[in-house]
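Raw work_31.cif, mmCIF, C-alpha atoms:
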```cif
data_coords
#
loop_
_atom_site.label_atom_id
_atom_site.label_comp_id
_atom_site.auth_asym_id
_atom_site.auth_seq_id
_atom_site.Cartn_x
_atom_site.Cartn_y
_atom_site.Cartn_z
CA MET A 140 26.25 -10.57 12.15
CA LEU A 141 22.93 -11.05 13.87
CA CYS A 142 21.58 -13.89 11.77
CA ALA A 143 22.36 -17.58 12.12
CA CYS A 144 21.11 -18.14 8.60
CA GLU A 145 23.39 -17.70 5.61
CA GLN A 146 24.31 -14.08 4.95
CA LYS A 147 24.97 -12.74 1.51
CA GLN A 148 25.02 -9.60 -0.53
CA LEU A 149 22.07 -8.97 -2.80
CA GLU A 150 24.35 -9.01 -5.85
CA PRO A 151 24.57 -12.84 -6.15
CA ASP A 152 20.76 -12.97 -6.44
CA ILE A 153 20.87 -10.34 -9.17
CA LYS A 154 23.51 -12.30 -11.13
CA GLU A 155 21.14 -15.24 -11.35
CA GLU A 156 18.58 -13.07 -13.11
CA SER A 157 18.75 -11.94 -16.69
CA LYS A 158 20.64 -8.81 -17.68
CA ASP A 159 17.31 -7.28 -18.72
CA ILE A 160 15.96 -7.64 -15.17
CA LYS A 161 19.17 -6.21 -13.72
CA ASN A 162 18.93 -3.17 -16.00
CA LYS A 163 15.30 -2.66 -15.04
CA LYS A 164 16.21 -2.85 -11.35
CA GLU A 165 18.81 -0.15 -11.87
CA LYS A 166 16.14 2.03 -13.48
CA ALA A 167 13.85 1.28 -10.52
CA ASP A 168 16.34 3.04 -8.25
CA ASN A 169 14.91 6.27 -9.65
CA ASN A 170 11.49 5.21 -8.34
CA LYS A 171 12.54 4.00 -4.88
CA SER A 172 10.71 5.32 -1.90
CA SER A 173 9.41 4.20 1.44
CA ASN A 174 6.28 6.24 0.56
CA ASN A 175 5.72 4.69 -2.85
CA PRO A 176 2.42 5.83 -4.43
CA PHE A 177 1.63 2.35 -5.75
CA TYR A 178 2.92 -0.16 -3.19
CA LYS A 179 3.32 -0.36 0.55
CA ALA A 180 5.53 -2.73 2.56
CA THR A 181 5.04 -3.01 6.32
CA LEU A 182 7.55 -4.93 8.43
CA GLN A 183 6.64 -6.25 11.87
CA VAL A 184 8.85 -7.99 14.41
CA PHE A 185 7.20 -10.61 16.59
CA SER A 186 9.79 -11.14 19.32
CA SER A 187 10.52 -9.76 22.73
CA ASN A 188 12.59 -6.59 22.72
CA PRO A 189 15.28 -6.87 23.92
CA VAL A 190 15.91 -10.32 22.53
CA GLU A 191 18.14 -12.70 24.44
CA LEU A 192 21.19 -14.05 22.65
CA MET A 193 20.33 -17.11 20.50
CA GLU A 194 16.57 -16.47 20.69
CA PRO A 195 14.63 -16.41 17.43
CA ILE A 196 13.48 -13.15 15.87
CA TYR A 197 10.34 -13.43 13.74
CA LEU A 198 9.93 -11.04 10.81
CA ASP A 199 6.62 -10.63 8.98
CA LEU A 200 6.20 -8.49 5.86
CA THR A 201 2.80 -7.30 4.65
CA LEU A 202 2.58 -6.10 1.04
CA GLU A 203 -0.25 -3.91 -0.20
CA MET A 204 -1.28 -2.23 -3.44
CA ASN A 205 -2.75 1.27 -3.36
CA SER A 206 -6.40 0.61 -4.25
CA THR A 207 -6.71 3.67 -6.47
CA TYR A 208 -4.23 2.17 -8.95
CA PRO A 209 -4.88 -1.00 -10.95
CA GLY A 210 -2.33 -3.73 -10.62
CA ASP A 211 -1.33 -6.73 -8.63
CA PRO A 212 0.58 -6.51 -5.33
CA ASN A 213 2.13 -9.84 -6.29
CA ASP A 214 4.18 -8.36 -9.15
CA ILE A 215 7.25 -9.00 -6.97
CA GLN A 216 10.54 -9.78 -8.68
CA SER A 217 12.50 -10.17 -5.45
CA LEU A 218 12.58 -9.05 -1.86
CA GLY A 219 15.17 -9.10 0.86
CA TYR A 220 15.82 -7.98 4.41
CA GLN A 221 18.64 -5.56 5.18
CA ILE A 222 20.24 -5.28 8.60
CA VAL A 223 22.67 -2.69 9.96
CA ARG A 224 23.80 -1.61 13.39
CA ASN A 225 21.57 1.09 14.84
CA GLY A 226 22.99 4.50 14.00
CA GLU A 227 24.50 3.29 10.71
CA PRO A 228 22.83 4.22 7.42
CA PHE A 229 21.47 1.65 5.02
CA ASP A 230 23.63 1.57 1.90
CA GLU A 231 21.52 2.74 -1.01
CA ASN A 232 23.83 0.89 -3.44
CA ASP A 233 22.93 -2.60 -2.19
CA GLY A 234 26.17 -2.83 -0.19
CA ASP A 235 24.47 -3.86 3.05
CA THR A 236 24.32 -7.41 4.23
CA TYR A 237 21.07 -9.08 3.30
CA LEU A 238 19.57 -11.85 5.40
CA SER A 239 19.01 -15.02 3.41
CA CYS A 240 15.33 -15.71 3.89
CA GLY A 241 14.37 -16.65 0.35
CA VAL A 242 13.75 -14.44 -2.65
CA PHE A 243 9.99 -14.21 -2.04
CA ALA A 244 9.80 -14.86 1.73
CA THR A 245 7.36 -12.54 3.45
CA ARG A 246 8.05 -14.36 6.72
CA CYS A 247 11.53 -14.95 8.06
CA THR A 248 12.99 -16.30 11.28
CA ILE A 249 16.54 -15.41 12.27
CA ASP A 250 18.52 -16.20 15.41
CA ALA A 251 20.05 -13.44 17.52
CA LYS A 252 23.76 -14.23 17.22
CA GLN A 253 25.42 -10.92 18.08
CA PRO A 254 24.51 -8.50 20.87
CA GLY A 255 23.82 -4.87 20.16
CA LEU A 256 21.26 -2.52 18.66
CA TRP A 257 20.13 -3.30 15.10
CA LYS A 258 17.88 -1.85 12.41
CA ILE A 259 16.07 -4.12 9.94
CA ARG A 260 14.04 -3.22 6.87
CA ALA A 261 12.67 -5.02 3.84
CA VAL A 262 13.45 -4.06 0.24
CA VAL A 263 10.97 -5.15 -2.41
CA TYR A 264 11.45 -4.93 -6.19
CA TYR A 265 8.19 -4.82 -8.14
CA ASP A 266 7.73 -5.04 -11.91
CA SER A 267 4.26 -3.96 -12.90
CA PRO A 268 3.15 -3.66 -16.52
CA ILE A 269 1.37 -0.45 -15.54
CA HIS A 270 3.86 1.22 -13.16
CA GLY A 271 7.17 -0.25 -14.32
CA TRP A 272 9.97 -1.16 -11.95
CA GLN A 273 9.59 0.10 -8.41
CA THR A 274 11.86 -0.26 -5.38
CA VAL A 275 9.88 -0.14 -2.15
CA TYR A 276 11.37 0.04 1.34
CA SER A 277 9.44 -1.02 4.40
CA ASN A 278 9.46 0.78 7.70
CA GLU A 279 12.57 0.26 9.82
CA GLU A 280 12.34 -1.84 12.95
CA GLU A 281 14.83 -1.60 15.80
CA ILE A 282 15.91 -4.73 17.63
CA GLU A 283 18.11 -4.97 20.70
CA VAL A 284 19.98 -8.19 21.34
CA SER A 285 21.02 -8.34 25.00
CA PHE A 286 24.54 -9.11 26.09
CA PRO A 287 24.50 -12.33 28.11
CA GLU A 288 24.96 -12.24 31.86
CA ILE A 289 28.22 -13.79 33.09
CA SER A 290 26.24 -16.03 35.43
CA ALA A 291 24.26 -17.40 32.44
CA ILE A 292 27.49 -18.21 30.60
CA LEU A 293 29.01 -19.91 33.63
CA ALA A 294 25.79 -21.85 34.29
CA ASP A 295 25.82 -23.29 30.76
CA GLY A 296 28.04 -26.37 31.00
CA GLY A 297 28.66 -26.48 27.24
CA ILE A 298 29.90 -22.91 27.10
CA GLN A 299 32.03 -23.35 30.21
CA SER A 300 33.55 -26.55 28.79
CA GLN A 301 34.35 -24.86 25.47
CA MET A 302 35.89 -21.87 27.28
CA ASN A 303 38.05 -24.23 29.37
CA THR A 304 39.18 -26.08 26.23
CA THR A 305 39.96 -22.83 24.43
CA TRP A 306 41.89 -21.50 27.43
CA GLN A 307 43.88 -24.73 27.69
CA ASP A 308 44.66 -24.59 23.93
CA THR A 309 45.88 -21.02 24.40
CA LYS A 310 48.16 -22.00 27.27
CA ASP A 311 49.49 -25.00 25.35
CA ALA A 312 50.23 -22.85 22.29
CA ALA A 313 52.01 -20.24 24.44
CA SER A 314 54.25 -22.84 26.11
CA SER A 315 55.31 -24.57 22.88
#
```

Would you give me this structure, written as structure tokens?
Amino acid sequence: MLCACEQKQLEPDIKEESKDIKNKKEKADNNKSSNNPFYKATLQVFSSNPVELMEPIYLDLTLEMNSTYPGDPNDIQSLGYQIVRNGEPFDENDGDTYLSCGVFATRCTIDAKQPGLWKIRAVVYYDSPIHGWQTVYSNEEEIEVSFPEISAILADGGIQSQMNTTWQDTKDAASS
């Protein structure tokens, strides 16, 4: 996966919460929308694109409340960041891998660990006394993580040393 931080499914976070909250989140699925009438989540990526392998990717999430509705944009119960390969759909049943950035982290830094094209979005669960449970999806951001150049790999003494050790281990295992 792309992230150097711990990866997990959203389900373990839900298990830590009460059954009442879990049931309300399931009801919120009926209210999910990227164009939610009450809340807006905007995701921005502050990194070069394409990103070089092992470079940090900075995510910043802005949360807003529609001013025509009373309430508090801080009625957040949890939020997370989903990531999938570009061209793959996000799993609407929370089956995607979530990046571990903290339950209420509106800023997150991840390291580019796997080359390819990726899509990232934020998912925010709100519980407002006025509007009930809402699931809000941010915009989707595309990130490209470049494949490293062979010359860069060979120029890195640590990588070259590890490759030599791995190759020698392979030869030793084949001859035994």

Straight-line distance linking atom CA of Ile292 of chain A with atom CA of Leu192 of chain A, stated in Å to one decimal
11.0 Å

Atom-to-atom span, atom CA of Met193 of chain A and atom CA of Phe286 of chain A, Å
10.6 Å

Evaluate the PyMOL selection byres ((chain A and resi 214) around 12) and record the selected residues as a PDB file with C-alpha atoms, in the frame of the given file, following the chain and residue labels used in the document.
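Final output, saved to part_12.pdb:
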```pdb
ATOM      1  CA  PHE A 177       1.630   2.350  -5.750  1.00  0.00           C
ATOM      2  CA  TYR A 178       2.920  -0.160  -3.190  1.00  0.00           C
ATOM      3  CA  LEU A 202       2.580  -6.100   1.040  1.00  0.00           C
ATOM      4  CA  GLU A 203      -0.250  -3.910  -0.200  1.00  0.00           C
ATOM      5  CA  MET A 204      -1.280  -2.230  -3.440  1.00  0.00           C
ATOM      6  CA  PRO A 209      -4.880  -1.000 -10.950  1.00  0.00           C
ATOM      7  CA  GLY A 210      -2.330  -3.730 -10.620  1.00  0.00           C
ATOM      8  CA  ASP A 211      -1.330  -6.730  -8.630  1.00  0.00           C
ATOM      9  CA  PRO A 212       0.580  -6.510  -5.330  1.00  0.00           C
ATOM     10  CA  ASN A 213       2.130  -9.840  -6.290  1.00  0.00           C
ATOM     11  CA  ILE A 215       7.250  -9.000  -6.970  1.00  0.00           C
ATOM     12  CA  GLN A 216      10.540  -9.780  -8.680  1.00  0.00           C
ATOM     13  CA  SER A 217      12.500 -10.170  -5.450  1.00  0.00           C
ATOM     14  CA  LEU A 218      12.580  -9.050  -1.860  1.00  0.00           C
ATOM     15  CA  PHE A 243       9.990 -14.210  -2.040  1.00  0.00           C
ATOM     16  CA  VAL A 263      10.970  -5.150  -2.410  1.00  0.00           C
ATOM     17  CA  TYR A 264      11.450  -4.930  -6.190  1.00  0.00           C
ATOM     18  CA  TYR A 265       8.190  -4.820  -8.140  1.00  0.00           C
ATOM     19  CA  ASP A 266       7.730  -5.040 -11.910  1.00  0.00           C
ATOM     20  CA  SER A 267       4.260  -3.960 -12.900  1.00  0.00           C
ATOM     21  CA  PRO A 268       3.150  -3.660 -16.520  1.00  0.00           C
ATOM     22  CA  ILE A 269       1.370  -0.450 -15.540  1.00  0.00           C
ATOM     23  CA  HIS A 270       3.860   1.220 -13.160  1.00  0.00           C
ATOM     24  CA  GLY A 271       7.170  -0.250 -14.320  1.00  0.00           C
ATOM     25  CA  TRP A 272       9.970  -1.160 -11.950  1.00  0.00           C
ATOM     26  CA  GLN A 273       9.590   0.100  -8.410  1.00  0.00           C
ATOM     27  CA  THR A 274      11.860  -0.260  -5.380  1.00  0.00           C
TER      28      THR A 274
END
```

Length of the atom CA of Gln183 of chain A to atom CA of Glu280 of chain A vector [Å]:
7.3 Å

Excluding same-chain residues fewer than 5 positions from Lys258 of chain A, what lies within 8 Å of it counting only C-alpha atoms, as a list in words?
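These residues fall inside the cut-off: Ile222, Val223, Arg224, Asn225, Glu279, Glu280, Glu281 and Ile282 of chain A.
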
Nearby residues (all atoms listed in the file) at most 8 Å from Cys240 of chain A, same-chain spacing under 5 positions excluded, as a PyMOL selection string
chain A and resi 144+219-220+246-248

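Proximity ranking of A:Ser277, A:Thr201, A:Ser315, A:Asn303 relative to Thr245 of chain A places A:Thr201 first, based on only C-alpha atoms.
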
Hey, what's within 10 Å of Asn188 of chain A if we count only C-alpha atoms and toss same-chain stuff fewer than 3 positions away? As a list in words, please?
Val184, Phe185, Glu191, Ile196, Glu281, Ile282, Glu283, Val284 and Ser285 of chain A

Looking at A:Ser314, A:Thr309, A:Asp250, A:Ala291, which one is nearest to Tyr197 of chain A, with distances taken over all atoms listed in the file?
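Residue with the minimum atom-to-atom distance to Tyr197 of chain A: A:Asp250.
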
Using the incomplete input, complete segment 216-232 of chain A to the level of N, CA and C atoms; output as a PDB file, in the coordinates of the input.
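What follows is the written file selection14.pdb:
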```pdb
ATOM      1  N   GLN A 216       9.426  -9.112  -8.018  1.00  0.00           N
ATOM      2  CA  GLN A 216      10.540  -9.780  -8.680  1.00  0.00           C
ATOM      3  C   GLN A 216      11.503 -10.355  -7.658  1.00  0.00           C
ATOM      4  N   SER A 217      11.694  -9.653  -6.561  1.00  0.00           N
ATOM      5  CA  SER A 217      12.500 -10.170  -5.450  1.00  0.00           C
ATOM      6  C   SER A 217      12.281  -9.288  -4.235  1.00  0.00           C
ATOM      7  N   LEU A 218      12.598  -9.844  -3.087  1.00  0.00           N
ATOM      8  CA  LEU A 218      12.580  -9.050  -1.860  1.00  0.00           C
ATOM      9  C   LEU A 218      13.668  -9.577  -0.949  1.00  0.00           C
ATOM     10  N   GLY A 219      14.121  -8.716  -0.082  1.00  0.00           N
ATOM     11  CA  GLY A 219      15.170  -9.100   0.860  1.00  0.00           C
ATOM     12  C   GLY A 219      15.051  -8.279   2.126  1.00  0.00           C
ATOM     13  N   TYR A 220      15.798  -8.675   3.126  1.00  0.00           N
ATOM     14  CA  TYR A 220      15.820  -7.980   4.410  1.00  0.00           C
ATOM     15  C   TYR A 220      17.225  -7.471   4.652  1.00  0.00           C
ATOM     16  N   GLN A 221      17.345  -6.163   4.879  1.00  0.00           N
ATOM     17  CA  GLN A 221      18.640  -5.560   5.180  1.00  0.00           C
ATOM     18  C   GLN A 221      18.760  -5.365   6.679  1.00  0.00           C
ATOM     19  N   ILE A 222      19.990  -5.490   7.175  1.00  0.00           N
ATOM     20  CA  ILE A 222      20.240  -5.280   8.600  1.00  0.00           C
ATOM     21  C   ILE A 222      21.530  -4.491   8.768  1.00  0.00           C
ATOM     22  N   VAL A 223      21.487  -3.482   9.628  1.00  0.00           N
ATOM     23  CA  VAL A 223      22.670  -2.690   9.960  1.00  0.00           C
ATOM     24  C   VAL A 223      22.620  -2.384  11.451  1.00  0.00           C
ATOM     25  N   ARG A 224      23.771  -2.043  11.993  1.00  0.00           N
ATOM     26  CA  ARG A 224      23.800  -1.610  13.390  1.00  0.00           C
ATOM     27  C   ARG A 224      23.036  -0.295  13.499  1.00  0.00           C
ATOM     28  N   ASN A 225      22.326  -0.140  14.609  1.00  0.00           N
ATOM     29  CA  ASN A 225      21.570   1.090  14.840  1.00  0.00           C
ATOM     30  C   ASN A 225      22.528   2.278  14.812  1.00  0.00           C
ATOM     31  N   GLY A 226      22.141   3.319  14.133  1.00  0.00           N
ATOM     32  CA  GLY A 226      22.990   4.500  14.000  1.00  0.00           C
ATOM     33  C   GLY A 226      23.747   4.517  12.685  1.00  0.00           C
ATOM     34  N   GLU A 227      23.842   3.371  12.015  1.00  0.00           N
ATOM     35  CA  GLU A 227      24.500   3.290  10.710  1.00  0.00           C
ATOM     36  C   GLU A 227      23.451   3.438   9.620  1.00  0.00           C
ATOM     37  N   PRO A 228      23.812   4.081   8.519  1.00  0.00           N
ATOM     38  CA  PRO A 228      22.830   4.220   7.420  1.00  0.00           C
ATOM     39  C   PRO A 228      22.752   2.935   6.601  1.00  0.00           C
ATOM     40  N   PHE A 229      21.584   2.720   6.007  1.00  0.00           N
ATOM     41  CA  PHE A 229      21.470   1.650   5.020  1.00  0.00           C
ATOM     42  C   PHE A 229      22.172   2.113   3.767  1.00  0.00           C
ATOM     43  N   ASP A 230      22.908   1.235   3.128  1.00  0.00           N
ATOM     44  CA  ASP A 230      23.630   1.570   1.900  1.00  0.00           C
ATOM     45  C   ASP A 230      22.658   1.533   0.741  1.00  0.00           C
ATOM     46  N   GLU A 231      22.466   2.656   0.092  1.00  0.00           N
ATOM     47  CA  GLU A 231      21.520   2.740  -1.010  1.00  0.00           C
ATOM     48  C   GLU A 231      22.022   2.019  -2.256  1.00  0.00           C
ATOM     49  N   ASN A 232      23.270   1.588  -2.272  1.00  0.00           N
ATOM     50  CA  ASN A 232      23.830   0.890  -3.440  1.00  0.00           C
ATOM     51  C   ASN A 232      23.908  -0.610  -3.232  1.00  0.00           C
TER      52      ASN A 232
END
```
